[in-house]
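Heads up, start_16.txt below (compact mmCIF, C-alpha atoms):
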# COMPACT_ATOMS: atom_id res chain seq x y z
CA MET A 1 77.05 67.28 71.84
CA ARG A 2 78.28 70.87 71.93
CA LEU A 3 81.43 71.86 73.79
CA PHE A 4 82.91 75.27 74.55
CA ASP A 5 86.59 75.69 75.42
CA THR A 6 86.68 78.58 77.89
CA HIS A 7 90.46 79.03 77.75
CA ALA A 8 92.76 78.31 74.81
CA HIS A 9 95.98 79.65 73.28
CA LEU A 10 95.62 78.82 69.58
CA LEU A 11 97.91 81.71 68.68
CA ASP A 12 100.82 79.87 70.28
CA ASP A 13 103.70 79.13 67.91
CA ARG A 14 102.98 75.41 68.16
CA PHE A 15 99.91 75.95 65.98
CA GLU A 16 101.74 77.97 63.34
CA GLN A 17 101.68 75.24 60.68
CA ASP A 18 98.04 74.14 60.92
CA ARG A 19 96.15 76.79 62.90
CA ASN A 20 93.56 77.75 60.30
CA ALA A 21 92.76 74.20 59.24
CA LEU A 22 92.53 73.10 62.86
CA ILE A 23 90.17 75.90 63.89
CA ALA A 24 88.02 75.36 60.80
CA SER A 25 87.56 71.73 61.85
CA PHE A 26 86.13 72.54 65.27
CA PRO A 27 82.41 72.88 64.46
CA GLU A 28 82.19 69.47 62.79
CA SER A 29 83.98 68.01 65.85
CA GLY A 30 81.48 69.44 68.31
CA ILE A 31 83.58 72.41 69.43
CA ALA A 32 80.99 75.16 69.14
CA GLY A 33 83.28 77.93 70.38
CA PHE A 34 86.36 78.91 72.32
CA VAL A 35 87.94 81.92 73.98
CA GLU A 36 91.48 82.82 72.96
CA ALA A 37 93.08 83.90 76.23
CA CYS A 38 95.42 86.90 76.20
CA VAL A 39 98.69 87.04 78.14
CA GLU A 40 100.44 90.11 76.67
CA ALA A 41 99.15 93.48 75.52
CA ASN A 42 100.97 92.85 72.24
CA ASP A 43 98.69 89.82 71.69
CA ILE A 44 95.54 91.95 71.58
CA PRO A 45 95.58 92.85 67.84
CA LYS A 46 96.21 89.21 66.89
CA ILE A 47 93.36 88.04 69.11
CA GLN A 48 91.05 90.68 67.68
CA GLY A 49 91.95 89.51 64.18
CA LEU A 50 91.25 85.87 65.05
CA THR A 51 87.80 86.72 66.41
CA LEU A 52 86.96 88.48 63.16
CA LEU A 53 87.92 85.46 61.05
CA TYR A 54 85.56 83.00 62.77
CA ASP A 55 82.06 83.52 64.13
CA PHE A 56 82.63 81.00 66.93
CA VAL A 57 85.92 82.47 68.21
CA TYR A 58 85.99 84.95 71.08
CA GLY A 59 88.86 86.56 72.91
CA SER A 60 90.04 88.25 76.06
CA ALA A 61 92.41 91.13 76.77
CA GLY A 62 94.78 91.22 79.70
CA ILE A 63 98.32 91.02 81.04
CA HIS A 64 99.47 87.78 82.69
CA PRO A 65 101.28 87.99 86.05
CA HIS A 66 104.47 86.75 84.37
CA SER A 67 104.42 90.01 82.39
CA ALA A 68 103.22 92.29 85.19
CA ASN A 69 106.20 94.59 84.63
CA THR A 70 104.69 95.54 81.26
CA ALA A 71 101.37 96.65 82.79
CA ASP A 72 102.11 100.36 82.42
CA ASN A 73 99.52 103.03 81.62
CA THR A 74 99.93 102.55 77.87
CA ASN A 75 99.33 98.81 77.94
CA LEU A 76 96.49 99.09 80.44
CA LEU A 77 94.86 101.55 78.05
CA ARG A 78 95.23 98.99 75.25
CA VAL A 79 93.41 96.45 77.43
CA GLU A 80 90.70 98.97 78.29
CA ARG A 81 90.07 99.91 74.66
CA ALA A 82 89.94 96.26 73.55
CA LEU A 83 87.13 95.65 76.03
CA GLU A 84 84.92 97.97 74.01
CA GLN A 85 84.71 95.30 71.32
CA LYS A 86 81.82 92.85 71.58
CA LYS A 87 83.88 89.72 70.87
CA ILE A 88 86.48 90.57 73.52
CA VAL A 89 84.43 88.99 76.27
CA ALA A 90 86.72 89.03 79.32
CA VAL A 91 89.71 90.56 81.08
CA GLY A 92 92.44 87.98 81.35
CA GLU A 93 94.49 86.00 81.77
CA ILE A 94 95.26 87.99 84.93
CA GLY A 95 96.17 87.11 88.48
CA LEU A 96 99.14 86.16 90.64
CA ASP A 97 101.87 83.55 90.21
CA TYR A 98 104.03 83.02 93.28
CA HIS A 99 105.49 79.78 91.92
CA TYR A 100 107.65 81.25 89.17
CA ASP A 101 107.78 84.88 90.36
CA PHE A 102 108.82 86.04 86.89
CA SER A 103 107.66 89.51 87.98
CA PRO A 104 108.07 90.94 91.50
CA ARG A 105 105.08 90.15 93.67
CA GLU A 106 104.28 93.79 94.33
CA ALA A 107 104.23 94.46 90.57
CA GLN A 108 101.95 91.43 90.13
CA ARG A 109 99.53 92.68 92.76
CA GLU A 110 99.44 96.18 91.27
CA ALA A 111 98.84 94.90 87.73
CA PHE A 112 96.16 92.52 89.02
CA ALA A 113 94.36 95.24 90.99
CA ASN A 114 94.40 97.66 88.06
CA GLN A 115 92.96 95.08 85.68
CA LEU A 116 90.31 93.96 88.15
CA ASP A 117 89.20 97.57 88.32
CA LEU A 118 89.11 97.76 84.51
CA ALA A 119 86.84 94.70 84.51
CA VAL A 120 84.50 96.29 87.06
CA GLN A 121 84.37 99.45 84.97
CA ALA A 122 83.75 97.57 81.72
CA LYS A 123 81.33 95.09 83.35
CA LYS A 124 83.30 92.17 81.91
CA PRO A 125 84.20 88.88 83.63
CA VAL A 126 87.79 88.08 84.58
CA ILE A 127 89.90 85.01 83.80
CA ILE A 128 91.95 84.34 86.92
CA HIS A 129 95.40 82.76 87.04
CA ASP A 130 96.27 81.69 90.60
CA ARG A 131 99.39 79.69 91.28
CA GLU A 132 100.47 79.34 94.89
CA ALA A 133 98.89 82.73 95.66
CA HIS A 134 95.52 81.59 96.97
CA GLY A 135 95.27 84.00 99.90
CA ASP A 136 96.10 87.17 97.99
CA VAL A 137 93.91 86.23 95.03
CA MET A 138 90.97 85.50 97.31
CA ASN A 139 91.39 88.75 99.23
CA MET A 140 91.63 90.89 96.09
CA LEU A 141 88.56 89.31 94.53
CA TYR A 142 86.60 89.40 97.79
CA ALA A 143 87.27 93.13 98.06
CA ARG A 144 85.32 93.54 94.80
CA ARG A 145 82.55 91.04 95.54
CA GLY A 146 79.21 91.94 94.06
CA ARG A 147 80.85 94.02 91.34
CA LEU A 148 82.86 91.34 89.58
CA GLY A 149 82.46 87.83 88.19
CA GLY A 150 84.53 85.45 86.14
CA VAL A 151 86.30 82.13 86.21
CA LEU A 152 89.09 80.51 88.20
CA HIS A 153 91.21 79.12 85.38
CA CYS A 154 92.89 75.74 85.87
CA TYR A 155 91.59 75.57 89.43
CA SER A 156 94.08 74.24 91.99
CA GLY A 157 92.68 75.49 95.29
CA SER A 158 90.63 73.83 97.98
CA TYR A 159 86.99 72.81 97.93
CA GLU A 160 86.23 75.39 100.60
CA ASP A 161 87.76 78.21 98.54
CA ALA A 162 85.89 77.02 95.45
CA VAL A 163 82.62 77.32 97.35
CA ARG A 164 83.55 80.86 98.42
CA TYR A 165 84.32 81.80 94.83
CA ILE A 166 81.01 80.37 93.65
CA ASP A 167 79.22 82.31 96.37
CA MET A 168 80.91 85.43 94.96
CA GLY A 169 79.55 84.66 91.49
CA PHE A 170 82.54 82.91 89.91
CA TYR A 171 82.80 79.74 87.84
CA ILE A 172 85.39 77.01 88.37
CA ALA A 173 87.25 75.71 85.30
CA PHE A 174 88.67 72.22 84.93
CA GLY A 175 91.01 71.16 82.16
CA GLY A 176 93.19 68.23 81.20
CA ALA A 177 94.65 67.95 84.71
CA LEU A 178 91.31 66.51 85.84
CA THR A 179 92.19 63.34 83.91
CA PHE A 180 95.63 62.86 85.49
CA LYS A 181 96.10 59.79 87.67
CA ASN A 182 97.25 61.89 90.63
CA ALA A 183 94.32 64.35 90.37
CA SER A 184 92.10 62.69 92.98
CA LYS A 185 91.78 66.01 94.89
CA GLN A 186 90.54 67.87 91.80
CA ARG A 187 88.10 65.09 90.94
CA ALA A 188 86.74 65.12 94.49
CA ILE A 189 86.16 68.87 94.19
CA ALA A 190 84.55 68.50 90.75
CA GLU A 191 82.25 65.83 92.17
CA LYS A 192 80.90 68.06 94.94
CA LEU A 193 80.62 71.50 93.36
CA PRO A 194 77.33 72.65 91.80
CA LEU A 195 77.46 71.49 88.18
CA GLU A 196 75.94 74.80 87.06
CA ARG A 197 79.16 76.53 88.16
CA ILE A 198 81.66 74.29 86.33
CA VAL A 199 83.15 75.04 82.92
CA LEU A 200 85.67 73.18 80.76
CA GLU A 201 88.92 74.39 79.23
CA THR A 202 92.03 73.04 77.55
CA ASP A 203 94.66 75.77 78.17
CA CYS A 204 96.07 74.40 74.93
CA PRO A 205 98.74 73.75 73.81
CA TYR A 206 99.42 72.99 77.49
CA MET A 207 97.81 70.58 79.99
CA THR A 208 97.16 67.75 77.54
CA PRO A 209 94.78 65.21 79.09
CA GLU A 210 95.26 61.49 79.50
CA PRO A 211 95.83 59.43 77.40
CA LEU A 212 97.68 61.95 75.22
CA ARG A 213 100.01 63.54 77.77
CA GLY A 214 103.21 64.74 76.14
CA GLU A 215 101.47 65.70 72.90
CA ARG A 216 100.29 69.14 71.83
CA ASN A 217 96.88 69.88 73.30
CA SER A 218 93.95 71.40 71.37
CA PRO A 219 90.20 71.91 71.84
CA LEU A 220 89.70 68.60 70.00
CA ASN A 221 90.85 66.93 73.24
CA LEU A 222 88.24 68.63 75.40
CA HIS A 223 86.07 65.51 75.32
CA PHE A 224 88.59 63.63 77.50
CA THR A 225 88.03 66.14 80.31
CA LEU A 226 84.29 66.05 79.68
CA GLU A 227 84.21 62.27 79.99
CA THR A 228 86.17 62.38 83.24
CA LEU A 229 83.84 65.00 84.66
CA ALA A 230 80.78 63.00 83.63
CA LYS A 231 82.17 59.80 85.19
CA THR A 232 83.06 61.67 88.37
CA ARG A 233 79.55 63.11 88.59
CA GLY A 234 77.77 59.89 87.66
CA ILE A 235 76.01 61.44 84.66
CA THR A 236 76.21 60.98 80.91
CA ALA A 237 78.74 62.84 78.81
CA ALA A 238 75.85 64.43 76.89
CA GLU A 239 74.38 65.82 80.11
CA ALA A 240 77.72 67.18 81.28
CA ALA A 241 78.39 68.67 77.84
CA GLU A 242 75.14 70.61 77.65
CA VAL A 243 75.36 72.01 81.19
CA THR A 244 79.00 73.09 80.87
CA PHE A 245 78.29 74.54 77.42
CA GLN A 246 75.47 76.70 78.77
CA ASN A 247 77.65 77.66 81.74
CA ALA A 248 80.36 78.91 79.38
CA LEU A 249 77.89 81.09 77.49
CA SER A 250 76.58 82.52 80.77
CA LEU A 251 80.11 83.14 82.05
CA TYR A 252 81.08 85.21 79.03
CA GLY A 253 77.69 86.68 78.17
CA ILE A 254 77.71 85.00 74.78
CA SER A 255 74.58 84.26 72.76
CA LEU A 256 75.01 81.58 70.10
CA LYS A 257 72.36 80.85 67.47
Kindly transcribe the structure held in the file into structure tokens.
Amino acid sequence: MRLFDTHAHLLDDRFEQDRNALIASFPESGIAGFVEACVEANDIPKIQGLTLLYDFVYGSAGIHPHSANTADNTNLLRVERALEQKKIVAVGEIGLDYHYDFSPREAQREAFANQLDLAVQAKKPVIIHDREAHGDVMNMLYARRGRLGGVLHCYSGSYEDAVRYIDMGFYIAFGGALTFKNASKQRAIAEKLPLERIVLETDCPYMTPEPLRGERNSPLNLHFTLETLAKTRGITAAEAAEVTFQNALSLYGISLK
């Protein structure tokens, strides 16, 4: 089986001691690729460097809503220039977070809008962070329908909204939360959505799946989410793996040999 982690943070400090050995182990463990998701403009050079070290590592460029106050012209230009590189395959992690409100909501909306427009211009997909901001996220993406695609990272919305996003050309990502005992709503959504629009992610080192909750997450744990998805859909893990793998490549426009 081949798996592709559509959203990881391997540059997090929690991987400082074993990052290179861990990443090098992925191919033999069935992890055929992953996207290192960007949250700060200052992360971009490190992400670019990581993508150059490994053929199967890709990256994104973007400014997270927590850091929306840093989305000035200089940092937006850094995002724009990074998108010129082939292995920087998406704009993200961008969006709105009305749960923590680490940046003022107006600043979040402005940073989000500017980066959505960069994605349209660069013809790159977006990685969307939406926490308790469903209405505004939907409206801002709908305003650019037909010109923009991407993925709803760590999806937490309704089934009806997921269908609308899919109709707009987006993918829906499920991670370790799908395995949680209280995730019956997410599993019900994953059961009903078109399988060809579902991708898998870890959001590591966060969102560690059952039965390893409390430990550091990594792409090596992606199979727990895969197995839950397969069980929910009533298909084999191998079938779910191949479809979600191909979906990930289509999402990011990646061609693997």
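What separates CA of Val126 in chain A from CA of Gly150 in chain A is a distance of 4.5 Å.
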Taken to one decimal, the CA of Phe174 in chain A-CA of Arg145 in chain A distance is 22.5 Å
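Proximity of A:Asn75, A:Thr179, A:Ser67, A:Asn20 to Ile44 in chain A, computed with all atoms listed in the file, is greatest for A:Asn75.
Reported to one decimal place, the separation of CA of Ala241 in chain A from CA of Leu83 in chain A is 28.4 Å.
Minimum distance to Val57 in chain A across A:Ile88, A:Ile189, A:Cys154, A:Ala177 (counting all atoms listed in the file) occurs at A:Ile88.
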Taking all atoms listed in the file into account, name the residue in A:Arg78, A:Leu152, A:Phe15, A:Glu239 that is nearest to Asn42 in chain A.
A:Arg78
Counting only C-alpha atoms, I want the residues whose atoms come within 9 Å of (105.2, 96.1, 83.6) in the file frame, returned as a ChimeraX atom specification.
/A:63,67-72,75,103,107-108,111
Close residues, range 130-137 of chain A itself excluded, 12 Å, all atoms listed in the file, min 2 positions apart in chain, as a count of residues only
41
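Comparing the minimum interatomic distances between Ala32 in chain A and each of A:Gln115, A:Thr228, A:Gln121, A:Gln246, counting all atoms listed in the file, we find that A:Gln246 sits nearest.
Of the listed residues A:Arg216, A:Lys123, A:Arg164, A:His129, the one whose atoms come nearest to Gly149 in chain A is A:Lys123, with distances taken using only C-alpha atoms.
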Which residues are close to Lys181 in chain A, i.e. within 12 Å by only C-alpha atoms, leaving aside same-chain residues fewer than 3 positions away? Reply as a ChimeraX atom specification.
/A:176-178,184-187,209-211,213,228
Taking 6 positions as the minimum chain separation for residues in the same chain, which residues sit within 6 Å of Asp5 in chain A when counting only C-alpha atoms? Answer as a ChimeraX atom specification.
/A:34,200-201
Nearest to Gly234 in chain A by atom-to-atom distance, counting only C-alpha atoms, from A:Arg81, A:Ile254, A:Lys192, A:Tyr58
A:Lys192
I'd like the contact shell of Ala190 in chain A - 8 Å cut-off, all atoms listed in the file, skipping same-chain residues fewer than 4 positions apart - returned as a ChimeraX atom specification.
/A:186,198,229,232-233
Which residues are close to Pro219 in chain A, i.e. within 7 Å by only C-alpha atoms, leaving aside same-chain residues fewer than 2 positions away? Reply as a PDB file with C-alpha atoms, in the coordinates of the input.
ATOM      1  CA  ASP A   5      86.590  75.690  75.420  1.00  0.00           C
ATOM      2  CA  THR A 202      92.030  73.040  77.550  1.00  0.00           C
ATOM      3  CA  ASN A 221      90.850  66.930  73.240  1.00  0.00           C
ATOM      4  CA  LEU A 222      88.240  68.630  75.400  1.00  0.00           C
TER       5      LEU A 222
END
